[in-house]
Amino acid sequence: MDNYDKMFKLSEKILLLCVGEAGDTVQFAEYIQKNVQLYKMRNGYELSPAAAANFTRKNLADYLRSRTPYHVNLLLAGYEEADGPSLYYMDYLAALAKAPFAAHGYGAFLTLSILDRYYRPDLSRDEAMDLLKKCLEESLFFLTAFLSVLRLLQLNKRFILNLPSFNVRLIDKDGIHDLERVPLGQKAA
Amino acid sequence: MAARYDRAITVFSPDGHLFQVEYAQEAVKKGSTAVGVRGKNIVALGVEKKSVAKLQDDRTVRKICVLDDNVFMAFPCLISRSGLTADARIVINRARVECQSHRLTVEDPVTIEYITRFISSLKQKYTQSNGRRPFGISALIMGFDFDGTPRLYQTDPSGTYHAWKANAIGRSAKTVREFLEKNYKEEDVESDSGTIKLGVRALLEVVQSGGKNIELAIMKRDEPLKILSAEEIEAVVSDIEKEKEESEKKKKS
């Protein structure tokens with residue numbers, strides 16, 4: 001599971017991060033991915049991030065009240081010439097919100113407060129990377145503490161949770177950039 | 001004789017013809033010429049651009065269409081007639097969806113042969129259906145397979161398809177094909193410029209008034225489709241004319 005990549009490239013400047021029910025994630029994300037590509041072939045230009053986000057949400061909403069709903073939580077990030085960078089938060093109930101920062105999962109409990117405290121709309125690229133690092137360190141710290149407790153309680157023998165490594169990608173006017181594993185400082189336990 | 005056997009598509013004539021299909025092929029022969037040449041590292045497609053009405057925006061008359069990142073096609077069509085361009089739109093739309101569907105299910109881009117087979121099967125279905133007429137288009141489908149091999153295929157209204165090194169469809173296709181048969185040389189198409197030149201020379205045989213009425217698209221391996229600008233086409237045309245003059249001078253001396 002080391003190389004399981006949850007980010008799907010919808011187009012040259014749009015990434016979809018898809019987490020949730022096993023199977024649903026890949027099925028739904030690949031379906032959206034191919035439909036976004038089809039739009040590009042039919043019309044000669046790519047969907048904007050806003051349009052792609054709304055298209056995704058509509059699909060999620062349509063399936064929600066069918067016999068086969070998709071249990072997936074999504075983050076859609078994209079860059080557009082006209083509107084600049086944008087981030088969209090979507091959940092399995094087909095809620096859609098444009099947000100300056102967002103998170104899903106247990107990590108959200110920790111990172112949202114950090115982001116609330118330190119986020120500014122005018123962050124530079126390096127400042128944004130630092131903020132992201134802060135969030136990742138916090139999650140790492142939380143998970144280390146959690147695992148230590150488990151080990152203490154002798155539960156680690158069958159516990160399969162591993163310390164995570166982080167995939168980081170950056171989108172700007174030049175497209176999607178894969179960044180090296182973000183090095184995280186060790187926190188005192 | 002033909003009158004009784006050409007109404008319904010599903011009826012054979014006593015001498016074994018499907019007249020509706022043959023009439024569809026006649027319709028194709030009325031369309032503007034299209035030429036395709038398969039080179040070693042490049043595929044080139046040239047289409048005759050019929051002069052448009054003064055008030056018409058000629059960017060909206062697109063005869064070369066992208067089906068996917070590695071595949072494109074051209075079809076000869078009449079601009080203001082009988083709905084044949086409309087036929088092509090339907091086929092192209094189905095082909096585009098099929099390209100993405102293929103990527104979704106097998107995680108690989110289509111091979112040119114696969115999508116040609118798909119389009120041909122679609123056309124064939126319409127030669128055997130009740131109440132429907134065949135698609136009035138032939139198509140040149142070109143591109144690169146994911147192993148890097150360049151391909152050129154041609155389909156016609158009956159649903160047959162063949163692979164070609166170079167071919168032409170539409171009006172005066174026969175003349176152009178004979179020119180290509182005489183002048184296609186393996187060494188020429190090894191180079192990108194040689195392939196483009198051959199295509200343009202073939203098209204110039206039948207197009208009046210030279211470079212202005214030619215639309216040229218090329219695709220190099222691993223690169224997206226490129227439609228040549230008017231200046232680039234003019235450059236190729238003047239190159240060709242220079243070569244013609246030089247060879248004629250040589251002949252005289």
# chains A, B, ... in the order shown; residues from 1 in each chain; ligands from 1
$ closest_atom_pairs --of "chain A" --to "chain B" --cutoff "12 Å" --atoms "only C-alpha atoms" --output "CSV"
residue,atom,partner,partner_atom,distance
A:Val26,CA,B:Leu104,CA,10.8
A:Gln27,CA,B:Leu104,CA,9.2
A:Phe28,CA,B:Leu104,CA,10.9
A:Ala29,CA,B:Leu104,CA,10.5
A:Glu30,CA,B:Leu104,CA,6.8
A:Tyr31,CA,B:Leu104,CA,7.1
A:Ile32,CA,B:Leu104,CA,10.1
A:Gln33,CA,B:Leu104,CA,8.8
A:Lys34,CA,B:Gln100,CA,5.7
A:Asn35,CA,B:Gln100,CA,7.5
A:Val36,CA,B:Gln100,CA,9.6
A:Gln37,CA,B:Gln100,CA,7.4
A:Leu38,CA,B:Gln100,CA,6.4
A:Tyr39,CA,B:Arg96,CA,9.5
A:Lys40,CA,B:Asp68,CA,9.1
A:Met41,CA,B:Asp68,CA,6.3
A:Arg42,CA,B:Asn93,CA,7.3
A:Asn43,CA,B:Val66,CA,9.9
A:Gly44,CA,B:Val66,CA,8.4
A:Tyr45,CA,B:Val66,CA,11.7
$ residues_around --residues "Glu234 (chain B)" --least-positions-apart "6" --cutoff "12 Å" --atoms "only C-alpha atoms" --output "tab-separated table (two decimals) with N, CA and C atoms, in the first residue's frame"
chain	number	residue	atom	x	y	z
B	197	LYS	N	5.53	17.59	-47.18
B	197	LYS	CA	5.61	18.06	-48.57
B	197	LYS	C	4.82	17.15	-49.49
B	200	VAL	N	1.15	17.91	-49.19
B	200	VAL	CA	0.75	19.19	-49.80
B	200	VAL	C	0.82	19.09	-51.31
B	204	LEU	N	-2.19	19.79	-53.84
B	204	LEU	CA	-2.11	20.88	-54.82
B	204	LEU	C	-2.51	20.43	-56.21
B	209	SER	N	-6.04	27.39	-56.81
B	209	SER	CA	-5.46	28.57	-56.14
B	209	SER	C	-4.61	28.25	-54.92
B	210	GLY	N	-3.93	27.10	-54.95
B	210	GLY	CA	-2.81	26.87	-54.04
B	210	GLY	C	-3.06	26.91	-52.55
B	211	GLY	N	-2.03	27.41	-51.82
B	211	GLY	CA	-1.96	27.24	-50.37
B	211	GLY	C	-3.12	27.84	-49.59
B	212	LYS	N	-3.79	28.81	-50.17
B	212	LYS	CA	-4.83	29.48	-49.38
B	212	LYS	C	-5.97	28.53	-49.05
B	213	ASN	N	-6.18	27.53	-49.92
B	213	ASN	CA	-7.33	26.66	-49.71
B	213	ASN	C	-6.96	25.33	-49.11
B	214	ILE	N	-5.84	25.28	-48.41
B	214	ILE	CA	-5.41	24.02	-47.80
B	214	ILE	C	-5.40	24.18	-46.28
B	215	GLU	N	-5.96	23.18	-45.60
B	215	GLU	CA	-5.86	23.13	-44.14
B	215	GLU	C	-5.03	21.90	-43.81
B	216	LEU	N	-3.96	22.09	-43.03
B	216	LEU	CA	-3.02	20.99	-42.81
B	216	LEU	C	-2.85	20.76	-41.32
B	228	LEU	N	-1.33	23.63	-38.87
B	228	LEU	CA	-0.37	24.60	-39.40
B	228	LEU	C	-1.05	25.92	-39.72
B	240	ILE	N	7.86	23.82	-52.42
B	240	ILE	CA	7.50	22.87	-53.48
B	240	ILE	C	7.64	23.51	-54.84
B	241	GLU	N	7.20	24.76	-54.94
B	241	GLU	CA	7.28	25.42	-56.26
B	241	GLU	C	8.73	25.61	-56.67
$ residues_around --residues "region 149-155 of chain B" --least-positions-apart "5" --cutoff "6 Å" --atoms "only C-alpha atoms" --output "PyMOL selection string"
chain B and resi 138-144+160-164
$ write_last_selection --atoms "all heavy atoms" --output "mmCIF file, in the first residue's frame"
data_model
loop_
_atom_site.group_PDB
_atom_site.id
_atom_site.type_symbol
_atom_site.label_atom_id
_atom_site.label_comp_id
_atom_site.auth_asym_id
_atom_site.auth_seq_id
_atom_site.Cartn_x
_atom_site.Cartn_y
_atom_site.Cartn_z
ATOM 1 N N SER B 138 -16.859 9.188 -45.539
ATOM 2 C CA SER B 138 -15.654 8.373 -45.417
ATOM 3 C C SER B 138 -14.734 9.146 -44.497
ATOM 4 O O SER B 138 -14.828 10.362 -44.418
ATOM 5 C CB SER B 138 -14.957 8.210 -46.765
ATOM 6 O OG SER B 138 -15.584 7.239 -47.527
ATOM 7 N N ALA B 139 -13.856 8.432 -43.817
ATOM 8 C CA ALA B 139 -12.977 9.139 -42.890
ATOM 9 C C ALA B 139 -11.559 8.632 -43.025
ATOM 10 O O ALA B 139 -11.323 7.454 -43.312
ATOM 11 C CB ALA B 139 -13.467 8.958 -41.459
ATOM 12 N N LEU B 140 -10.618 9.542 -42.835
ATOM 13 C CA LEU B 140 -9.216 9.169 -42.690
ATOM 14 C C LEU B 140 -8.892 9.310 -41.212
ATOM 15 O O LEU B 140 -9.067 10.398 -40.652
ATOM 16 C CB LEU B 140 -8.312 10.103 -43.497
ATOM 17 C CG LEU B 140 -8.314 9.921 -44.999
ATOM 18 C CD1 LEU B 140 -7.447 10.977 -45.649
ATOM 19 C CD2 LEU B 140 -7.803 8.546 -45.379
ATOM 20 N N ILE B 141 -8.470 8.217 -40.582
ATOM 21 C CA ILE B 141 -8.202 8.239 -39.154
ATOM 22 C C ILE B 141 -6.717 8.001 -38.952
ATOM 23 O O ILE B 141 -6.164 7.021 -39.448
ATOM 24 C CB ILE B 141 -9.021 7.144 -38.448
ATOM 25 C CG1 ILE B 141 -10.505 7.408 -38.704
ATOM 26 C CG2 ILE B 141 -8.741 7.144 -36.956
ATOM 27 C CD1 ILE B 141 -11.366 6.221 -38.495
ATOM 28 N N MET B 142 -6.059 8.916 -38.256
ATOM 29 C CA MET B 142 -4.616 8.827 -38.133
ATOM 30 C C MET B 142 -4.181 9.076 -36.710
ATOM 31 O O MET B 142 -4.888 9.715 -35.931
ATOM 32 C CB MET B 142 -3.925 9.890 -38.996
ATOM 33 C CG MET B 142 -4.583 10.162 -40.282
ATOM 34 S SD MET B 142 -3.542 11.192 -41.266
ATOM 35 C CE MET B 142 -2.145 10.158 -41.466
ATOM 36 N N GLY B 143 -2.978 8.578 -36.422
ATOM 37 C CA GLY B 143 -2.437 8.862 -35.107
ATOM 38 C C GLY B 143 -1.328 7.892 -34.772
ATOM 39 O O GLY B 143 -0.776 7.234 -35.651
ATOM 40 N N PHE B 144 -0.983 7.822 -33.472
ATOM 41 C CA PHE B 144 0.060 6.918 -33.016
ATOM 42 C C PHE B 144 -0.519 5.968 -31.984
ATOM 43 O O PHE B 144 -1.244 6.379 -31.089
ATOM 44 C CB PHE B 144 1.201 7.716 -32.355
ATOM 45 C CG PHE B 144 2.014 8.490 -33.338
ATOM 46 C CD1 PHE B 144 1.657 9.767 -33.706
ATOM 47 C CD2 PHE B 144 3.146 7.921 -33.904
ATOM 48 C CE1 PHE B 144 2.403 10.484 -34.625
ATOM 49 C CE2 PHE B 144 3.905 8.630 -34.818
ATOM 50 C CZ PHE B 144 3.530 9.912 -35.178
ATOM 51 N N THR B 160 -16.395 -0.800 -44.248
ATOM 52 C CA THR B 160 -15.097 -1.478 -44.402
ATOM 53 C C THR B 160 -13.991 -0.496 -44.028
ATOM 54 O O THR B 160 -14.171 0.716 -44.116
ATOM 55 C CB THR B 160 -14.874 -1.938 -45.844
ATOM 56 O OG1 THR B 160 -15.063 -0.820 -46.712
ATOM 57 C CG2 THR B 160 -15.823 -3.046 -46.200
ATOM 58 N N TYR B 161 -12.842 -1.063 -43.612
ATOM 59 C CA TYR B 161 -11.716 -0.184 -43.320
ATOM 60 C C TYR B 161 -10.428 -0.865 -43.743
ATOM 61 O O TYR B 161 -10.339 -2.095 -43.777
ATOM 62 C CB TYR B 161 -11.660 0.193 -41.847
ATOM 63 C CG TYR B 161 -11.322 -0.940 -40.902
ATOM 64 C CD1 TYR B 161 -10.006 -1.181 -40.517
ATOM 65 C CD2 TYR B 161 -12.323 -1.740 -40.372
ATOM 66 C CE1 TYR B 161 -9.699 -2.208 -39.636
ATOM 67 C CE2 TYR B 161 -12.028 -2.759 -39.490
ATOM 68 C CZ TYR B 161 -10.711 -2.990 -39.125
ATOM 69 O OH TYR B 161 -10.415 -4.004 -38.249
ATOM 70 N N HIS B 162 -9.463 -0.056 -44.125
ATOM 71 C CA HIS B 162 -8.154 -0.567 -44.525
ATOM 72 C C HIS B 162 -7.080 0.343 -44.001
ATOM 73 O O HIS B 162 -7.301 1.528 -43.803
ATOM 74 C CB HIS B 162 -8.039 -0.610 -46.067
ATOM 75 C CG HIS B 162 -9.074 -1.474 -46.702
ATOM 76 N ND1 HIS B 162 -8.955 -2.828 -46.800
ATOM 77 C CD2 HIS B 162 -10.264 -1.165 -47.258
ATOM 78 C CE1 HIS B 162 -10.016 -3.322 -47.395
ATOM 79 N NE2 HIS B 162 -10.828 -2.347 -47.684
ATOM 80 N N ALA B 163 -5.880 -0.221 -43.826
ATOM 81 C CA ALA B 163 -4.740 0.593 -43.439
ATOM 82 C C ALA B 163 -4.025 1.052 -44.695
ATOM 83 O O ALA B 163 -3.984 0.340 -45.686
ATOM 84 C CB ALA B 163 -3.782 -0.210 -42.563
ATOM 85 N N TRP B 164 -3.478 2.241 -44.659
ATOM 86 C CA TRP B 164 -2.805 2.810 -45.821
ATOM 87 C C TRP B 164 -1.512 3.469 -45.404
ATOM 88 O O TRP B 164 -1.351 3.906 -44.268
ATOM 89 C CB TRP B 164 -3.690 3.878 -46.481
ATOM 90 C CG TRP B 164 -4.919 3.347 -47.121
ATOM 91 C CD1 TRP B 164 -6.055 2.964 -46.491
ATOM 92 C CD2 TRP B 164 -5.149 3.134 -48.518
ATOM 93 N NE1 TRP B 164 -6.984 2.537 -47.414
ATOM 94 C CE2 TRP B 164 -6.450 2.634 -48.659
ATOM 95 C CE3 TRP B 164 -4.360 3.324 -49.655
ATOM 96 C CZ2 TRP B 164 -7.003 2.312 -49.896
ATOM 97 C CZ3 TRP B 164 -4.907 3.012 -50.894
ATOM 98 C CH2 TRP B 164 -6.213 2.505 -51.004
#
$ select_by_dssp --residues "region 14-119 of chain B" --states "alpha helix (DSSP H)" --output "PyMOL selection string"
chain B and resi 19-29+84-106+112-119
$ select_by_dssp --residues "region 41-88 of chain A" --states "strand (DSSP E or B)" --output "MDAnalysis selection string"
chainID A and resid 72:80 84:88
$ write_last_selection --atoms "C-alpha atoms" --output "compact mmCIF listing (two decimals), in the first residue's frame"
# COMPACT_ATOMS: atom_id res chain seq x y z
CA VAL A 72 -16.28 9.30 -0.91
CA ASN A 73 -14.92 12.55 0.47
CA LEU A 74 -13.17 14.83 -1.97
CA LEU A 75 -10.86 17.79 -2.24
CA LEU A 76 -10.58 19.39 -5.67
CA ALA A 77 -7.74 21.81 -6.31
CA GLY A 78 -7.12 23.69 -9.49
CA TYR A 79 -5.64 26.70 -11.19
CA GLU A 80 -7.30 28.85 -13.79
CA GLY A 84 -6.28 31.97 -10.08
CA PRO A 85 -5.98 29.02 -7.70
CA SER A 86 -9.04 27.54 -6.00
CA LEU A 87 -9.84 24.73 -3.56
CA TYR A 88 -13.17 22.93 -3.23
$ atom_distance --atom1 "CA of Val176 (chain B)" --atom2 "CA of Gly16 (chain B)"
29.4 Å
$ residues_around --residues "Phe135 (chain B)" --least-positions-apart "5" --cutoff "12 Å" --atoms "only C-alpha atoms" --output "PyMOL selection string"
chain B and resi 9+20-28+75+77+82-92+119-128+155-159
$ write_last_selection --atoms "N, CA and C atoms" --output "CSV table (one decimal), in the first residue's frame"
chain,number,residue,atom,x,y,z
B,9,ILE,N,-32.8,0.4,-47.3
B,9,ILE,CA,-31.4,0.1,-47.2
B,9,ILE,C,-31.2,-1.4,-47.1
B,20,GLN,N,-28.2,1.8,-51.6
B,20,GLN,CA,-28.1,2.9,-50.6
B,20,GLN,C,-26.7,3.2,-50.2
B,21,VAL,N,-25.9,2.1,-50.0
B,21,VAL,CA,-24.6,2.3,-49.6
B,21,VAL,C,-23.8,2.9,-50.7
B,22,GLU,N,-24.0,2.4,-52.0
B,22,GLU,CA,-23.3,3.0,-53.1
B,22,GLU,C,-23.7,4.4,-53.3
B,23,TYR,N,-24.9,4.8,-53.1
B,23,TYR,CA,-25.3,6.2,-53.2
B,23,TYR,C,-24.6,7.0,-52.1
B,24,ALA,N,-24.4,6.4,-51.0
B,24,ALA,CA,-23.7,7.1,-49.9
B,24,ALA,C,-22.3,7.4,-50.3
B,25,GLN,N,-21.7,6.4,-51.0
B,25,GLN,CA,-20.3,6.6,-51.5
B,25,GLN,C,-20.3,7.7,-52.5
B,26,GLU,N,-21.3,7.8,-53.3
B,26,GLU,CA,-21.4,8.9,-54.3
B,26,GLU,C,-21.4,10.2,-53.6
B,27,ALA,N,-22.2,10.3,-52.5
B,27,ALA,CA,-22.2,11.5,-51.7
B,27,ALA,C,-20.8,11.9,-51.2
B,28,VAL,N,-20.1,10.9,-50.8
B,28,VAL,CA,-18.7,11.2,-50.3
B,28,VAL,C,-17.9,11.8,-51.4
B,75,PHE,N,-12.6,14.2,-42.6
B,75,PHE,CA,-13.6,13.6,-43.4
B,75,PHE,C,-14.0,14.7,-44.5
B,77,CYS,N,-16.3,16.8,-46.7
B,77,CYS,CA,-17.7,17.1,-46.4
B,77,CYS,C,-18.2,18.3,-47.3
B,82,SER,N,-26.9,18.6,-47.7
B,82,SER,CA,-27.5,17.3,-47.2
B,82,SER,C,-27.1,16.8,-45.9
B,83,GLY,N,-26.6,17.5,-45.0
B,83,GLY,CA,-26.4,17.0,-43.6
B,83,GLY,C,-25.2,16.0,-43.5
B,84,LEU,N,-24.3,16.0,-44.4
B,84,LEU,CA,-23.2,15.0,-44.2
B,84,LEU,C,-22.2,15.4,-43.1
B,85,THR,N,-22.0,16.7,-43.0
B,85,THR,CA,-21.2,17.2,-41.9
B,85,THR,C,-21.8,16.8,-40.6
B,86,ALA,N,-23.2,16.9,-40.6
B,86,ALA,CA,-23.9,16.5,-39.4
B,86,ALA,C,-23.7,15.0,-39.1
B,87,ASP,N,-23.7,14.2,-40.1
B,87,ASP,CA,-23.4,12.7,-39.9
B,87,ASP,C,-22.1,12.6,-39.2
B,88,ALA,N,-21.1,13.3,-39.7
B,88,ALA,CA,-19.8,13.2,-39.2
B,88,ALA,C,-19.7,13.5,-37.7
B,89,ARG,N,-20.5,14.6,-37.3
B,89,ARG,CA,-20.5,15.0,-35.9
B,89,ARG,C,-21.0,13.8,-35.0
B,90,ILE,N,-22.0,13.1,-35.5
B,90,ILE,CA,-22.5,12.0,-34.7
B,90,ILE,C,-21.4,10.9,-34.5
B,91,VAL,N,-20.8,10.6,-35.6
B,91,VAL,CA,-19.7,9.5,-35.5
B,91,VAL,C,-18.6,10.0,-34.6
B,92,ILE,N,-18.2,11.2,-34.8
B,92,ILE,CA,-17.1,11.8,-34.0
B,92,ILE,C,-17.4,11.7,-32.5
B,119,ILE,N,-15.6,2.6,-35.3
B,119,ILE,CA,-16.3,3.5,-36.2
B,119,ILE,C,-16.9,2.7,-37.4
B,120,SER,N,-16.1,1.8,-37.9
B,120,SER,CA,-16.6,1.0,-39.0
B,120,SER,C,-17.8,0.1,-38.6
B,121,SER,N,-17.7,-0.5,-37.4
B,121,SER,CA,-18.8,-1.3,-36.9
B,121,SER,C,-20.1,-0.4,-36.8
B,122,LEU,N,-19.9,0.8,-36.3
B,122,LEU,CA,-21.0,1.7,-36.2
B,122,LEU,C,-21.6,2.0,-37.5
B,123,LYS,N,-20.8,2.2,-38.5
B,123,LYS,CA,-21.3,2.5,-39.9
B,123,LYS,C,-22.0,1.3,-40.5
B,124,GLN,N,-21.4,0.1,-40.2
B,124,GLN,CA,-22.0,-1.1,-40.8
B,124,GLN,C,-23.4,-1.4,-40.2
B,125,LYS,N,-23.5,-1.1,-38.9
B,125,LYS,CA,-24.8,-1.3,-38.2
B,125,LYS,C,-25.9,-0.5,-39.0
B,126,TYR,N,-25.6,0.7,-39.5
B,126,TYR,CA,-26.6,1.5,-40.1
B,126,TYR,C,-26.8,1.0,-41.6
B,127,THR,N,-26.0,0.0,-42.1
B,127,THR,CA,-26.3,-0.5,-43.4
B,127,THR,C,-27.2,-1.7,-43.3
B,128,GLN,N,-27.5,-2.1,-42.0
B,128,GLN,CA,-28.3,-3.3,-41.8
B,128,GLN,C,-29.5,-3.1,-40.9
B,155,THR,N,-12.0,4.6,-43.6
B,155,THR,CA,-13.3,3.9,-43.6
B,155,THR,C,-14.2,4.5,-44.6
B,156,ASP,N,-15.2,3.7,-45.0
B,156,ASP,CA,-16.2,4.3,-46.0
B,156,ASP,C,-17.6,3.9,-45.5
B,157,PRO,N,-18.6,4.4,-46.2
B,157,PRO,CA,-20.0,4.3,-45.7
B,157,PRO,C,-20.4,2.8,-45.5
B,158,SER,N,-19.8,1.9,-46.2
B,158,SER,CA,-20.2,0.5,-46.1
B,158,SER,C,-19.7,-0.1,-44.8
B,159,GLY,N,-18.8,0.5,-44.1
B,159,GLY,CA,-18.3,-0.1,-42.9
B,159,GLY,C,-17.0,-0.9,-43.1
$ closest_residue --among "A:Phe109, A:Tyr89, A:Phe101, A:Phe141" --to "Ala53 (chain A)" --atoms "only C-alpha atoms"
A:Tyr89
$ atom_distance --atom1 "CA of Leu179 (chain A)" --atom2 "CA of Met129 (chain A)"
10.5 Å
$ residues_around --residues "Leu136 (chain A)" --least-positions-apart "2" --cutoff "9 Å" --atoms "only C-alpha atoms" --output "PyMOL selection string"
chain A and resi 107+111+131-134+138-141+166+182+184
$ write_last_selection --atoms "N, CA and C atoms" --output "PDB file, in the first residue's frame"
ATOM      1  N   GLY A 107      -7.238  13.659  10.563  1.00  0.00           N
ATOM      2  CA  GLY A 107      -6.290  14.749  10.462  1.00  0.00           C
ATOM      3  C   GLY A 107      -6.967  16.099  10.539  1.00  0.00           C
ATOM      4  N   THR A 111      -5.572  19.645  12.035  1.00  0.00           N
ATOM      5  CA  THR A 111      -5.006  20.617  11.103  1.00  0.00           C
ATOM      6  C   THR A 111      -5.891  21.834  10.910  1.00  0.00           C
ATOM      7  N   LEU A 131       3.321  26.269   6.197  1.00  0.00           N
ATOM      8  CA  LEU A 131       2.053  26.012   6.896  1.00  0.00           C
ATOM      9  C   LEU A 131       1.646  24.553   6.721  1.00  0.00           C
ATOM     10  N   LEU A 132       1.824  24.049   5.503  1.00  0.00           N
ATOM     11  CA  LEU A 132       1.499  22.650   5.250  1.00  0.00           C
ATOM     12  C   LEU A 132       2.374  21.741   6.102  1.00  0.00           C
ATOM     13  N   LYS A 133       3.655  22.094   6.181  1.00  0.00           N
ATOM     14  CA  LYS A 133       4.574  21.279   6.991  1.00  0.00           C
ATOM     15  C   LYS A 133       4.115  21.250   8.439  1.00  0.00           C
ATOM     16  N   LYS A 134       3.688  22.431   8.939  1.00  0.00           N
ATOM     17  CA  LYS A 134       3.188  22.487  10.328  1.00  0.00           C
ATOM     18  C   LYS A 134       2.063  21.476  10.511  1.00  0.00           C
ATOM     19  N   GLU A 138       2.034  18.051  12.851  1.00  0.00           N
ATOM     20  CA  GLU A 138       1.022  17.861  13.882  1.00  0.00           C
ATOM     21  C   GLU A 138       0.358  16.495  13.745  1.00  0.00           C
ATOM     22  N   SER A 139       0.020  16.132  12.504  1.00  0.00           N
ATOM     23  CA  SER A 139      -0.625  14.826  12.297  1.00  0.00           C
ATOM     24  C   SER A 139       0.338  13.711  12.655  1.00  0.00           C
ATOM     25  N   LEU A 140       1.609  13.898  12.277  1.00  0.00           N
ATOM     26  CA  LEU A 140       2.614  12.885  12.579  1.00  0.00           C
ATOM     27  C   LEU A 140       2.752  12.726  14.085  1.00  0.00           C
ATOM     28  N   PHE A 141       2.771  13.870  14.786  1.00  0.00           N
ATOM     29  CA  PHE A 141       2.886  13.846  16.225  1.00  0.00           C
ATOM     30  C   PHE A 141       1.707  13.105  16.835  1.00  0.00           C
ATOM     31  N   PHE A 166       4.036  11.241   3.261  1.00  0.00           N
ATOM     32  CA  PHE A 166       3.117  12.212   2.682  1.00  0.00           C
ATOM     33  C   PHE A 166       3.456  12.497   1.232  1.00  0.00           C
ATOM     34  N   VAL A 182       8.039  15.533   1.903  1.00  0.00           N
ATOM     35  CA  VAL A 182       8.319  16.689   2.749  1.00  0.00           C
ATOM     36  C   VAL A 182       9.050  16.231   4.008  1.00  0.00           C
ATOM     37  N   LEU A 184      10.103  16.099   7.687  1.00  0.00           N
ATOM     38  CA  LEU A 184       9.468  16.630   8.887  1.00  0.00           C
ATOM     39  C   LEU A 184      10.416  16.528  10.067  1.00  0.00           C
TER      40      LEU A 184
END
$ atom_distance --atom1 "CA of Gly170 (chain B)" --atom2 "CA of Gly199 (chain B)"
14.8 Å
$ residues_around --residues "Thr56 (chain A)" --least-positions-apart "2" --cutoff "9 Å" --atoms "only C-alpha atoms" --output "PyMOL selection string"
chain A and resi 29+32+51-54+58-61+90+94
$ closest_residue --among "B:Asn41, B:Ser229, B:Ser247, B:Thr116" --to "Asp192 (chain B)" --atoms "only C-alpha atoms"
B:Asn41
$ decode --residues "region 84-97 of chain A" --atoms "C-alpha atoms" --output "compact mmCIF listing (two decimals), in the first residue's frame"
# COMPACT_ATOMS: atom_id res chain seq x y z
CA GLY A 84 -6.28 31.97 -10.08
CA PRO A 85 -5.98 29.02 -7.70
CA SER A 86 -9.04 27.54 -6.00
CA LEU A 87 -9.84 24.73 -3.56
CA TYR A 88 -13.17 22.93 -3.23
CA TYR A 89 -14.30 20.75 -0.35
CA MET A 90 -16.86 18.01 -1.08
CA ASP A 91 -18.19 15.29 1.13
CA TYR A 92 -20.12 12.08 0.60
CA LEU A 93 -23.46 13.87 1.01
CA ALA A 94 -22.59 15.99 -2.04
CA ALA A 95 -21.97 19.18 -0.12
CA LEU A 96 -19.72 21.58 -1.99
CA ALA A 97 -17.83 24.50 -0.52
